[in-house]
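Have a look at entry_12.tsv; it's TSV, C-alpha atoms and all ligand atoms:
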```tsv
chain	number	residue	atom	x	y	z
X	1	MET	CA	11.66	9.72	-1.14
X	2	LYS	CA	12.14	6.60	0.97
X	3	PRO	CA	9.61	5.52	3.59
X	4	LEU	CA	12.04	3.05	5.15
X	5	ILE	CA	15.81	2.67	5.31
X	6	TRP	CA	17.85	-0.02	7.03
X	7	GLN	CA	20.91	1.65	8.51
X	8	ASP	CA	23.44	0.57	11.15
X	9	ASP	CA	21.32	-2.40	12.24
X	10	ARG	CA	18.28	-0.19	12.82
X	11	LEU	CA	15.16	0.61	10.85
X	12	VAL	CA	14.70	4.27	10.04
X	13	LEU	CA	11.11	5.19	9.15
X	14	LEU	CA	9.89	8.44	7.64
X	15	ASP	CA	7.00	9.47	9.90
X	16	GLN	CA	4.30	10.06	7.28
X	17	THR	CA	1.88	11.49	9.83
X	18	CYS	CA	4.06	14.65	9.83
X	19	LEU	CA	4.10	15.14	6.05
X	20	PRO	CA	4.06	17.46	4.23
X	21	ALA	CA	4.85	19.95	7.01
X	22	LYS	CA	7.92	18.15	8.36
X	23	GLU	CA	10.18	15.32	7.23
X	24	ILE	CA	10.84	13.49	10.48
X	25	TYR	CA	12.69	10.20	10.57
X	26	VAL	CA	12.07	7.83	13.46
X	27	ILE	CA	14.80	5.39	14.45
X	28	CYS	CA	13.41	2.01	15.45
X	29	ASN	CA	15.70	-0.09	17.62
X	30	ASP	CA	13.03	-2.57	18.60
X	31	TYR	CA	10.16	-4.32	16.87
X	32	ARG	CA	7.49	-2.78	19.10
X	33	ARG	CA	8.42	0.66	17.81
X	34	VAL	CA	7.93	-0.63	14.27
X	35	GLY	CA	4.53	-2.00	15.31
X	36	ASP	CA	3.56	1.37	16.79
X	37	MET	CA	4.59	3.14	13.58
X	38	ILE	CA	2.50	0.76	11.45
X	39	ARG	CA	-0.50	1.14	13.78
X	40	LYS	CA	-0.43	4.93	13.76
X	41	LEU	CA	0.22	5.09	9.96
X	42	GLY	CA	3.71	6.52	10.43
X	43	VAL	CA	4.58	3.93	7.80
X	44	ARG	CA	1.64	3.01	5.59
X	45	GLY	CA	0.71	1.63	2.19
X	46	ALA	CA	0.47	-2.12	1.73
X	47	PRO	CA	3.96	-2.96	0.35
X	48	ALA	CA	5.74	-0.56	2.74
X	49	ILE	CA	3.94	-2.10	5.72
X	50	GLY	CA	5.09	-5.56	4.61
X	51	ALA	CA	8.73	-4.48	4.26
X	52	ALA	CA	8.67	-2.60	7.59
X	53	ALA	CA	7.27	-5.65	9.39
X	54	ALA	CA	9.97	-7.83	7.81
X	55	TYR	CA	12.68	-5.56	9.21
X	56	GLY	CA	10.75	-5.52	12.48
X	57	MET	CA	11.41	-9.25	12.71
X	58	VAL	CA	15.14	-8.60	12.23
X	59	LEU	CA	15.04	-6.12	15.11
X	60	ALA	CA	13.19	-8.68	17.25
X	61	ALA	CA	15.90	-11.24	16.51
X	62	GLN	CA	18.63	-8.74	17.42
X	63	GLU	CA	16.82	-7.95	20.67
X	64	GLY	CA	16.49	-11.62	21.57
X	65	ARG	CA	20.00	-12.70	20.60
X	66	HIS	CA	21.00	-13.49	24.22
X	67	LEU	CA	18.11	-15.91	24.77
X	68	SER	CA	18.42	-19.68	24.69
X	69	ARG	CA	17.46	-21.29	21.38
X	70	GLU	CA	13.98	-22.31	22.62
X	71	ALA	CA	13.26	-18.97	24.30
X	72	PHE	CA	14.51	-17.18	21.19
X	73	GLN	CA	12.08	-19.12	18.97
X	74	ARG	CA	9.19	-18.29	21.32
X	75	TRP	CA	10.23	-14.64	21.36
X	76	LEU	CA	10.23	-14.45	17.56
X	77	ASN	CA	6.86	-16.19	17.31
X	78	GLN	CA	5.45	-13.59	19.70
X	79	ALA	CA	7.03	-10.74	17.72
X	80	ALA	CA	5.47	-12.05	14.50
X	81	GLN	CA	2.08	-12.25	16.21
X	82	ASP	CA	2.39	-8.72	17.65
X	83	LEU	CA	3.33	-7.29	14.27
X	84	ALA	CA	0.47	-9.17	12.58
X	85	GLU	CA	-1.98	-7.52	14.97
X	86	THR	CA	-1.05	-3.96	13.97
X	87	ARG	CA	-3.39	-3.62	10.96
X	88	PRO	CA	-5.83	-6.15	9.48
X	89	THR	CA	-6.50	-5.34	5.83
X	90	ALA	CA	-3.27	-5.05	3.81
X	91	VAL	CA	-2.30	-8.64	3.05
X	92	ASN	CA	1.32	-7.69	2.33
X	93	LEU	CA	1.83	-7.53	6.11
X	94	PHE	CA	0.82	-11.17	6.58
X	95	TRP	CA	2.58	-12.25	3.40
X	96	ALA	CA	5.87	-10.73	4.59
X	97	LEU	CA	5.53	-12.15	8.11
X	98	LYS	CA	4.80	-15.60	6.68
X	99	ARG	CA	7.98	-15.43	4.63
X	100	MET	CA	9.96	-14.28	7.67
X	101	SER	CA	8.47	-17.02	9.85
X	102	LYS	CA	9.79	-19.72	7.53
X	103	VAL	CA	13.36	-18.54	7.95
X	104	TYR	CA	14.26	-18.90	11.63
X	105	PRO	CA	12.79	-22.17	13.01
X	106	GLY	CA	15.51	-24.37	14.51
X	107	LYS	CA	18.30	-21.81	14.07
X	108	GLU	CA	20.63	-20.43	16.75
X	109	PRO	CA	20.15	-16.66	17.28
X	110	ASP	CA	23.19	-15.46	15.33
X	111	GLU	CA	22.40	-17.64	12.35
X	112	ALA	CA	18.71	-16.63	12.50
X	113	ILE	CA	19.58	-12.92	12.54
X	114	GLY	CA	21.61	-13.31	9.34
X	115	ALA	CA	18.88	-15.33	7.64
X	116	LEU	CA	16.11	-12.94	8.70
X	117	PHE	CA	18.07	-9.93	7.51
X	118	ALA	CA	18.71	-11.57	4.13
X	119	GLU	CA	14.99	-12.32	3.74
X	120	ALA	CA	13.90	-8.81	4.77
X	121	LYS	CA	16.35	-7.29	2.31
X	122	LYS	CA	15.02	-9.59	-0.39
X	123	ILE	CA	11.42	-8.55	0.32
X	124	HIS	CA	12.51	-4.91	0.18
X	125	GLN	CA	14.44	-5.31	-3.10
X	126	GLU	CA	11.77	-7.46	-4.72
X	127	ASP	CA	9.21	-4.75	-4.07
X	128	GLU	CA	11.43	-2.16	-5.70
X	129	GLU	CA	11.63	-4.37	-8.78
X	130	SER	CA	7.87	-5.07	-8.70
X	131	CYS	CA	7.19	-1.34	-8.82
X	132	ARG	CA	9.46	-1.00	-11.83
X	133	ARG	CA	7.63	-3.79	-13.65
X	134	ILE	CA	4.20	-2.39	-12.76
X	135	GLY	CA	5.34	0.89	-14.31
X	136	GLU	CA	6.39	-0.91	-17.50
X	137	HIS	CA	3.18	-2.93	-17.85
X	138	GLY	CA	1.09	0.08	-16.94
X	139	VAL	CA	2.64	2.42	-19.46
X	140	SER	CA	2.09	-0.06	-22.32
X	141	LEU	CA	-1.57	-0.12	-21.35
X	142	MET	CA	-1.77	3.67	-21.09
X	143	LYS	CA	-0.29	4.01	-24.59
X	144	LYS	CA	-3.19	1.95	-25.91
X	145	LEU	CA	-5.65	4.49	-24.55
X	146	GLY	CA	-4.25	6.60	-27.36
X	147	ARG	CA	-4.36	10.21	-26.19
X	148	PRO	CA	-2.58	12.59	-23.82
X	149	LEU	CA	-3.91	11.39	-20.50
X	150	LYS	CA	-5.41	12.94	-17.44
X	151	ILE	CA	-5.32	10.35	-14.67
X	152	LEU	CA	-7.19	10.38	-11.39
X	153	THR	CA	-5.64	8.53	-8.44
X	154	HIS	CA	-6.75	8.04	-4.86
X	155	CYS	CA	-4.92	7.81	-1.53
X	156	ASN	CA	-1.17	7.41	-1.94
X	157	ALA	CA	0.13	4.49	-3.96
X	158	GLY	CA	3.53	5.97	-4.61
X	159	ALA	CA	7.11	5.83	-3.39
X	160	LEU	CA	5.87	6.60	0.12
X	161	ALA	CA	3.77	3.44	0.12
X	162	THR	CA	6.32	1.03	-1.34
X	163	ALA	CA	10.02	0.26	-1.61
X	164	GLY	CA	10.20	1.66	-5.15
X	165	ASP	CA	8.38	4.16	-7.36
X	166	GLY	CA	4.98	3.03	-6.20
X	167	THR	CA	2.22	1.02	-7.83
X	168	ALA	CA	-0.33	3.43	-9.33
X	169	LEU	CA	2.29	6.18	-9.25
X	170	ALA	CA	4.87	3.98	-10.98
X	171	VAL	CA	2.47	3.94	-13.95
X	172	VAL	CA	2.02	7.71	-13.62
X	173	ARG	CA	5.80	8.26	-13.50
X	174	ARG	CA	6.44	6.13	-16.57
X	175	ALA	CA	3.56	7.78	-18.47
X	176	TRP	CA	5.05	11.18	-17.64
X	177	GLU	CA	8.50	10.08	-18.85
X	178	GLU	CA	6.94	8.84	-22.09
X	179	GLY	CA	5.18	12.15	-22.65
X	180	ILE	CA	1.68	10.65	-22.69
X	181	LEU	CA	0.47	12.20	-19.42
X	182	THR	CA	-0.70	15.77	-19.12
X	183	GLN	CA	-2.26	15.86	-15.67
X	184	VAL	CA	-2.69	13.84	-12.50
X	185	TYR	CA	-5.68	14.53	-10.30
X	186	ALA	CA	-5.19	13.50	-6.68
X	187	GLY	CA	-8.33	13.00	-4.62
X	188	GLU	CA	-7.67	14.37	-1.14
X	189	THR	CA	-8.72	11.06	0.55
X	190	ARG	CA	-10.69	11.90	3.65
X	191	PRO	CA	-10.35	11.30	6.53
X	192	LEU	CA	-6.54	11.15	6.75
X	193	LEU	CA	-5.81	13.01	3.53
X	194	GLN	CA	-3.16	10.74	2.06
X	195	GLY	CA	-3.93	12.19	-1.39
X	196	ALA	CA	-3.49	15.78	-0.27
X	197	ARG	CA	-0.64	15.29	2.16
X	198	LEU	CA	1.34	12.54	0.40
X	199	THR	CA	0.45	12.11	-3.29
X	200	ALA	CA	0.41	15.84	-4.03
X	201	TYR	CA	3.68	16.25	-2.11
X	202	GLU	CA	5.38	13.31	-3.81
X	203	LEU	CA	4.36	14.28	-7.35
X	204	MET	CA	5.24	17.93	-6.86
X	205	ALA	CA	8.68	16.90	-5.62
X	206	ASP	CA	9.12	15.04	-8.93
X	207	GLU	CA	7.69	17.96	-10.91
X	208	ILE	CA	4.84	15.88	-12.31
X	209	PRO	CA	1.76	18.08	-12.89
X	210	VAL	CA	-0.70	17.30	-10.11
X	211	THR	CA	-3.96	19.00	-9.22
X	212	LEU	CA	-5.67	18.33	-5.92
X	213	ILE	CA	-9.43	17.82	-5.78
X	214	THR	CA	-11.70	17.02	-2.86
X	215	ASP	CA	-13.20	13.54	-2.98
X	216	ASN	CA	-16.69	14.83	-3.78
X	217	MET	CA	-15.48	16.55	-6.98
X	218	ALA	CA	-14.70	13.34	-8.86
X	219	ALA	CA	-18.13	12.82	-10.48
X	220	TRP	CA	-18.25	16.37	-11.78
X	221	MET	CA	-14.69	16.19	-13.13
X	222	MET	CA	-15.49	12.94	-14.93
X	223	GLY	CA	-18.68	14.40	-16.37
X	224	GLN	CA	-16.68	17.37	-17.67
X	225	GLY	CA	-14.34	15.04	-19.60
X	226	GLU	CA	-11.43	15.91	-17.31
X	227	ILE	CA	-10.50	12.31	-16.45
X	228	ASP	CA	-9.32	9.70	-19.00
X	229	ALA	CA	-8.46	6.88	-16.59
X	230	VAL	CA	-8.54	6.09	-12.88
X	231	ILE	CA	-5.63	4.17	-11.35
X	232	THR	CA	-5.39	3.25	-7.68
X	233	GLY	CA	-3.38	0.81	-5.60
X	234	ALA	CA	-4.79	-2.04	-3.52
X	235	ASP	CA	-4.35	-3.50	-0.05
X	236	ARG	CA	-5.71	-6.96	-0.79
X	237	ILE	CA	-7.05	-8.60	-3.92
X	238	ALA	CA	-9.25	-11.65	-3.41
X	239	ALA	CA	-9.23	-14.73	-5.65
X	240	ASN	CA	-12.12	-13.40	-7.75
X	241	GLY	CA	-10.45	-10.00	-8.31
X	242	ASP	CA	-12.46	-8.01	-5.74
X	243	ALA	CA	-10.01	-5.41	-4.43
X	244	ALA	CA	-9.71	-3.69	-1.06
X	245	ASN	CA	-8.23	-0.22	-1.16
X	246	LYS	CA	-8.54	3.06	0.69
X	247	ILE	CA	-12.10	4.13	1.47
X	248	GLY	CA	-13.47	6.04	-1.51
X	249	THR	CA	-12.00	3.75	-4.16
X	250	TYR	CA	-15.27	1.84	-4.65
X	251	GLY	CA	-17.11	5.12	-5.22
X	252	LEU	CA	-14.60	6.13	-7.89
X	253	ALA	CA	-15.02	2.77	-9.62
X	254	VAL	CA	-18.81	3.21	-9.71
X	255	LEU	CA	-18.41	6.73	-11.10
X	256	ALA	CA	-15.86	5.61	-13.68
X	257	HIS	CA	-18.22	2.84	-14.82
X	258	HIS	CA	-21.07	5.33	-15.19
X	259	HIS	CA	-18.91	7.69	-17.24
X	260	ARG	CA	-17.30	4.86	-19.29
X	261	ILE	CA	-13.84	5.74	-18.02
X	262	PRO	CA	-11.41	2.83	-17.55
X	263	PHE	CA	-10.70	1.95	-13.91
X	264	TYR	CA	-7.45	0.13	-13.07
X	265	ILE	CA	-5.85	-1.27	-9.97
X	266	ALA	CA	-2.03	-1.41	-9.85
X	267	ALA	CA	-0.58	-3.92	-7.38
X	268	PRO	CA	2.27	-6.37	-6.93
X	269	CYS	CA	1.71	-10.13	-6.53
X	270	SER	CA	2.26	-9.75	-2.77
X	271	THR	CA	-1.12	-7.96	-2.65
X	272	PHE	CA	-3.06	-10.92	-4.06
X	273	ASP	CA	-4.69	-13.17	-1.48
X	274	LEU	CA	-5.85	-16.24	-3.40
X	275	GLU	CA	-6.91	-17.94	-0.16
X	276	THR	CA	-9.67	-15.37	0.27
X	277	PRO	CA	-12.39	-16.25	-2.26
X	278	ASN	CA	-14.02	-12.82	-2.58
X	279	GLY	CA	-14.22	-9.33	-1.17
X	280	ASP	CA	-16.91	-10.21	1.39
X	281	GLU	CA	-14.26	-12.21	3.26
X	282	ILE	CA	-11.79	-9.33	3.52
X	283	LEU	CA	-11.62	-7.76	6.96
X	284	VAL	CA	-11.97	-3.99	6.66
X	285	GLU	CA	-10.15	-2.03	9.34
X	286	GLU	CA	-12.38	0.31	11.35
X	287	ARG	CA	-10.33	3.14	12.83
X	288	ALA	CA	-10.87	5.65	15.63
X	289	GLY	CA	-13.80	8.05	15.28
X	290	ASP	CA	-11.68	11.12	15.98
X	291	GLU	CA	-9.98	10.64	12.62
X	292	VAL	CA	-13.32	11.71	11.11
X	293	ARG	CA	-14.31	14.26	13.76
X	294	LYS	CA	-11.01	16.12	13.51
X	295	ILE	CA	-8.63	17.46	10.92
X	296	GLY	CA	-5.27	17.44	12.62
X	297	ASP	CA	-5.97	18.53	16.18
X	298	VAL	CA	-9.06	20.58	15.35
X	299	PHE	CA	-12.60	19.27	15.75
X	300	ILE	CA	-14.68	19.88	12.62
X	301	SER	CA	-17.81	18.33	14.15
X	302	PRO	CA	-19.47	18.12	17.56
X	303	PRO	CA	-16.81	16.26	19.58
X	304	ASP	CA	-19.29	13.57	20.59
X	305	VAL	CA	-21.11	12.96	17.29
X	306	PRO	CA	-21.27	9.25	16.46
X	307	VAL	CA	-19.17	8.41	13.39
X	308	ARG	CA	-18.19	5.44	11.24
X	309	ASN	CA	-14.62	5.15	10.04
X	310	PRO	CA	-13.98	2.15	7.78
X	311	ALA	CA	-10.45	2.72	6.46
X	312	PHE	CA	-10.96	0.67	3.29
X	313	ASP	CA	-13.68	-0.43	0.90
X	314	ILE	CA	-13.98	-3.28	-1.54
X	315	THR	CA	-14.36	-2.66	-5.25
X	316	PRO	CA	-16.22	-5.56	-6.89
X	317	HIS	CA	-14.18	-7.12	-9.70
X	318	ARG	CA	-16.86	-6.38	-12.31
X	319	LEU	CA	-16.05	-2.66	-11.94
X	320	ILE	CA	-12.31	-3.18	-12.54
X	321	ASP	CA	-11.15	-2.95	-16.15
X	322	GLY	CA	-7.73	-4.36	-15.37
X	323	ILE	CA	-5.22	-5.18	-12.66
X	324	ILE	CA	-1.73	-3.99	-13.56
X	325	SER	CA	0.57	-6.37	-11.70
X	326	ASP	CA	4.32	-6.83	-11.74
X	327	LEU	CA	3.77	-10.01	-13.76
X	328	GLY	CA	1.54	-8.40	-16.34
X	329	LEU	CA	-1.97	-7.16	-16.95
X	330	ILE	CA	-5.08	-9.06	-15.93
X	331	GLU	CA	-7.90	-7.64	-18.02
X	332	LYS	CA	-11.46	-7.72	-16.64
X	333	PRO	CA	-10.37	-9.84	-13.66
X	334	ASP	CA	-12.52	-12.65	-12.31
X	335	GLU	CA	-11.87	-15.93	-10.53
X	336	GLU	CA	-11.14	-17.86	-13.72
X	337	LYS	CA	-8.74	-15.22	-15.10
X	338	LEU	CA	-6.80	-14.95	-11.84
X	339	LYS	CA	-6.52	-18.72	-11.52
X	340	HIS	CA	-5.25	-18.98	-15.06
X	341	PHE	CA	-2.88	-16.04	-14.62
X	342	PHE	CA	-1.18	-17.45	-11.54
X	343	GLU	CA	-1.09	-21.02	-12.86
X	344	GLY	CA	0.95	-19.76	-15.79
X	345	LYS	CA	3.50	-18.02	-13.48
X	401	LIG	O1	-4.29	3.42	5.36
X	401	LIG	P1	-3.16	3.44	4.37
X	401	LIG	O2	-2.61	4.80	4.14
X	401	LIG	O3	-2.11	2.41	4.70
X	401	LIG	O4	-3.85	2.97	3.01
X	401	LIG	C1	-3.05	2.83	1.88
X	401	LIG	C2	-3.81	2.52	0.67
X	401	LIG	O5	-4.99	2.25	0.69
X	401	LIG	C3	-3.01	2.44	-0.62
X	401	LIG	O6	-3.79	2.89	-1.69
X	401	LIG	C4	-2.63	0.98	-0.85
X	401	LIG	O7	-1.97	0.46	0.26
X	401	LIG	C5	-1.84	0.82	-2.05
X	401	LIG	S1	-0.14	1.16	-1.72
X	401	LIG	C6	0.84	0.95	-3.05
```
Spit out the file's structure as structure tokens when you get a sec.
Amino acid sequence: MKPLIWQDDRLVLLDQTCLPAKEIYVICNDYRRVGDMIRKLGVRGAPAIGAAAAYGMVLAAQEGRHLSREAFQRWLNQAAQDLAETRPTAVNLFWALKRMSKVYPGKEPDEAIGALFAEAKKIHQEDEESCRRIGEHGVSLMKKLGRPLKILTHCNAGALATAGDGTALAVVRRAWEEGILTQVYAGETRPLLQGARLTAYELMADEIPVTLITDNMAAWMMGQGEIDAVITGADRIAANGDAANKIGTYGLAVLAHHHRIPFYIAAPCSTFDLETPNGDEILVEERAGDEVRKIGDVFISPPDVPVRNPAFDITPHRLIDGIISDLGLIEKPDEEKLKHFFEGK
């Protein structure tokens, strides 16, 4: 299940807004199309957004190849800015664009296209490897929990959100392979239902036992002893370990704390933003009200009721038992631990 494929000098994106009903692939010949797909969540999930934007820069370079060197540089700067404005919270987008922006200055178009493509491919392949490593580190941790596990996850942090097996779902996949997982619970993830539409679909395709619950069932399930660990992905992790992830994650962390259930975040290094000191500084995307008022095309509320629609929330680091990264586990993350962890890398 691949959210993005580079083929014949074009980016092919699986339109995740159509899942699970239809698997529709959208061919992007220009970077604006990639931007539109990121904005509308056709491609979504922090690492996948970063990789898609990187290929978007390759498309921009291909489009501008007939420009003079100076005009070409200006064109690429504008493309990077346009892509950066698509979504504000997942830092992988800005991380990838920063890497891409270091590659082309001063180069003639043809040379720049080659260099940008090589960098985009590297970002893509590195993420695949990061997922693999997260799975390895995560499964060692899961083994220490010492029993057949029932894991609750939120949103989609799987193959559809990354270039590999996923972050949280890489741990789930490895745990399943090792025979230490008996059940995954996927919270449906209102308002856009990534858990129901994507995680349930992805795990069922891999024949991993998944049970869907609505978001408001989590407390009860925990109280009934049905959940042994919670693992989610992240969109941005601040220098003190506060983590932004899909709205609802913070609530699960509070509930897990209350029920003494370990709560983990799984994320690659590209999701850490050490320049942002804490979660208060993370910009949380606020999306259109109709995403809450409607399910699909159907209004489930008065069409003009005022709504709030923050797409993410911030889980304070003190509620996180560990961050499972591609470089290893950070237990009980805080500013000191993160500083130490990255200094040693
Ligand atoms: O709005 P989305 O669907 O892009 O939000 C995605 C999430 O919040 C994921 O949990 C996160 O990006 C982790 S992806 C490995």
Note to self: Which residues are close to Ser325 of chain X, i.e. within 7 Å by all atoms listed in the file, leaving aside same-chain residues fewer than 3 positions away? Reply as number ranges by chain.
What the structure shows: X: 134, 266-269, 328-329
Note to self: Let me make sure I understand: among X:Asn92, X:Thr162, X:Gln16, X:Gln224, which one has the smallest atom-to-atom distance to ligand LIG 401 (chain X) if we use all atoms listed in the file?
What the structure shows: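 With all atoms listed in the file as the atom set, the closest residue is X:Thr162.
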Next item on the list: Report as a PyMOL selection string which protein, DNA and RNA residues come within 8 Å of ligand LIG 401 (chain X), using all atoms listed in the file.
Entry: chain X and resi 41+43-49+90+154-159+161-162+166-168+192+194+232-235+244-247+266-267+311-312
Notebook entry, point to check: Got a sec: who's within 6 Å of segment 32-40 of chain X, counting only C-alpha atoms, leaving out chain neighbours fewer than 2 positions off, as a PyMOL selection string?
Noted result: chain X and resi 28+30+42-43+56+83+86
Checklist line | Near-Val230 of chain X list (6 Å; only C-alpha atoms; drop same-chain fewer than 4 positions) as number ranges by chain | finding: X: 151-153, 263
Notebook entry, point to check: Gly251 of chain X: which residues within 9 Å, counting only C-alpha atoms, same-chain residues fewer than 5 positions away excluded, as JSON, numbers by chain?
Noted result: {"X": [256, 313, 315]}
Deliver the residues from the most recent selection as a file, using C-alpha atoms, as a JSON list (two decimals), in the coordinates of the input.
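Result written to again-v6.json:
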```
[["chain", "number", "residue", "atom", "x", "y", "z"],
["X", 256, "ALA", "CA", -15.86, 5.61, -13.68],
["X", 313, "ASP", "CA", -13.68, -0.43, 0.90],
["X", 315, "THR", "CA", -14.36, -2.66, -5.25]]
```
Item checked: Neighbours of point (0.6, -2.3, -16.0) within 10 Å, using all atoms listed in the file, written as an NGL selection string -> :X and (131-142 or 167-168 or 170-171 or 264-267 or 322-330)
Just to be explicit: take each residue in the selection above, keep C-alpha atoms, and write the result as a short mmCIF file (atom, residue, chain, number, x, y, z; two decimals), in the frame of the given file.
```cif
data_model
loop_
_atom_site.label_atom_id
_atom_site.label_comp_id
_atom_site.auth_asym_id
_atom_site.auth_seq_id
_atom_site.Cartn_x
_atom_site.Cartn_y
_atom_site.Cartn_z
CA CYS X 131 7.19 -1.34 -8.82
CA ARG X 132 9.46 -1.00 -11.83
CA ARG X 133 7.63 -3.79 -13.65
CA ILE X 134 4.20 -2.39 -12.76
CA GLY X 135 5.34 0.89 -14.31
CA GLU X 136 6.39 -0.91 -17.50
CA HIS X 137 3.18 -2.93 -17.85
CA GLY X 138 1.09 0.08 -16.94
CA VAL X 139 2.64 2.42 -19.46
CA SER X 140 2.09 -0.06 -22.32
CA LEU X 141 -1.57 -0.12 -21.35
CA MET X 142 -1.77 3.67 -21.09
CA THR X 167 2.22 1.02 -7.83
CA ALA X 168 -0.33 3.43 -9.33
CA ALA X 170 4.87 3.98 -10.98
CA VAL X 171 2.47 3.94 -13.95
CA TYR X 264 -7.45 0.13 -13.07
CA ILE X 265 -5.85 -1.27 -9.97
CA ALA X 266 -2.03 -1.41 -9.85
CA ALA X 267 -0.58 -3.92 -7.38
CA GLY X 322 -7.73 -4.36 -15.37
CA ILE X 323 -5.22 -5.18 -12.66
CA ILE X 324 -1.73 -3.99 -13.56
CA SER X 325 0.57 -6.37 -11.70
CA ASP X 326 4.32 -6.83 -11.74
CA LEU X 327 3.77 -10.01 -13.76
CA GLY X 328 1.54 -8.40 -16.34
CA LEU X 329 -1.97 -7.16 -16.95
CA ILE X 330 -5.08 -9.06 -15.93
#
```
Checklist line | Proximity to Ile180 of chain X - best of X:Ala200, X:Thr211, X:Leu14, X:Gly146, only C-alpha atoms | finding: X:Gly146
Notebook entry, point to check: So, counting all atoms listed in the file, which residue among X:Ile282, X:Phe117, X:Ala96, X:Tyr104 is closest to Arg10 of chain X?
Noted result: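 With all atoms listed in the file as the atom set, the closest residue is X:Phe117.
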